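Working notes, beginning with the structure itself.
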Amino acid sequence: QVQLAESGGGLVQPGGSLRLSCTASGNTFSILAMGWYRQAPGNERELVASTNRGGGINYGDSVKGRFTISRDMNSVYLQMNSLKPEDTAAYYCNAVSIIGTKRVDAWGQGTLVTVSS
């Protein structure tokens, strides 16, 4: 199994920046992709950004040009710039593994990002 530990959330003013970090432990050799999702109250969880083992990167439409995902071994980072109030949400780190023929998702506990003046 893979365990994920996140850090870096907090309160920031509109236009500000935050950096989220996530480190995986356990069966990290099985990880194919890592990324970030977010969920605001009353909304479904949505993709923020993901990166796979081959170096491919995807961003959610609402964060393109403002957020940057990067990965270093078993850690993944999310640099968030030009933050907007609508970016307020719980942010969850995600790791995708294939065990046999089955996709297995691991999730962090979530870190809260609040964008407010």
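By order in the structure tokens, chains are A, B, ...; within a chain, residues start at 1; ligands start at 1, following the order shown.
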Fill in: Close residues, A:Met34 itself excluded, 6 Å, only C-alpha atoms, min 3 positions apart in chain, as a list in words
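Listed by chain and then number, they are Ser50, Thr51, Asn94 and Ala95 of chain A.
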Fill in: Residues within 10 Å of stretch 66-83 of chain A, only C-alpha atoms, excluding chain neighbours under 3 positions, as JSON, numbers by chain
{"A": [4, 5, 6, 7, 8, 12, 13, 14, 15, 16, 17, 18, 19, 20, 21, 22, 23, 24, 25, 28, 29, 31, 33, 34, 35, 36, 48, 49, 50, 51, 52, 53, 55, 57, 58, 59, 60, 62, 63, 86, 87, 88, 93, 94, 95, 113, 114, 115, 116]}
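Here atom CA of A:Val96 is placed at a distance of 24.6 Å from atom CA of A:Gly65.
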Item to complete: Within stretch 19-59 of chain A, find each residue whose DSSP state, derived from the backbone, is strand (DSSP E or B), and express the selection as a ChimeraX atom specification.
Response: /A:19-26,31-39,46-52,57-59
Discussion item. Just the number, please: distance in Å from atom CA of A:Ser97 to atom CA of A:Leu47, one decimal.
Written reply: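 Rounded to one decimal, the two atoms are 17.0 Å apart.
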Discussion item. So the first atom is atom CA of A:Ser117 and the second is atom CA of A:Asn43; what is the distance between them in Å, to one decimal place?
Written reply: 22.2 Å
Discussion item. Please list as a list in words every residue within 6 Å of A:Ala90, counting only C-alpha atoms and excluding residues in the same chain fewer than 4 positions away.
Written reply: Arg38, Gln39, Gly110, Thr111 and Leu112 of chain A
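Distance check against A:Tyr37 using only C-alpha atoms: of A:Ile99, A:Val2, A:Ala106, A:Leu11, the minimum falls on A:Ala106.
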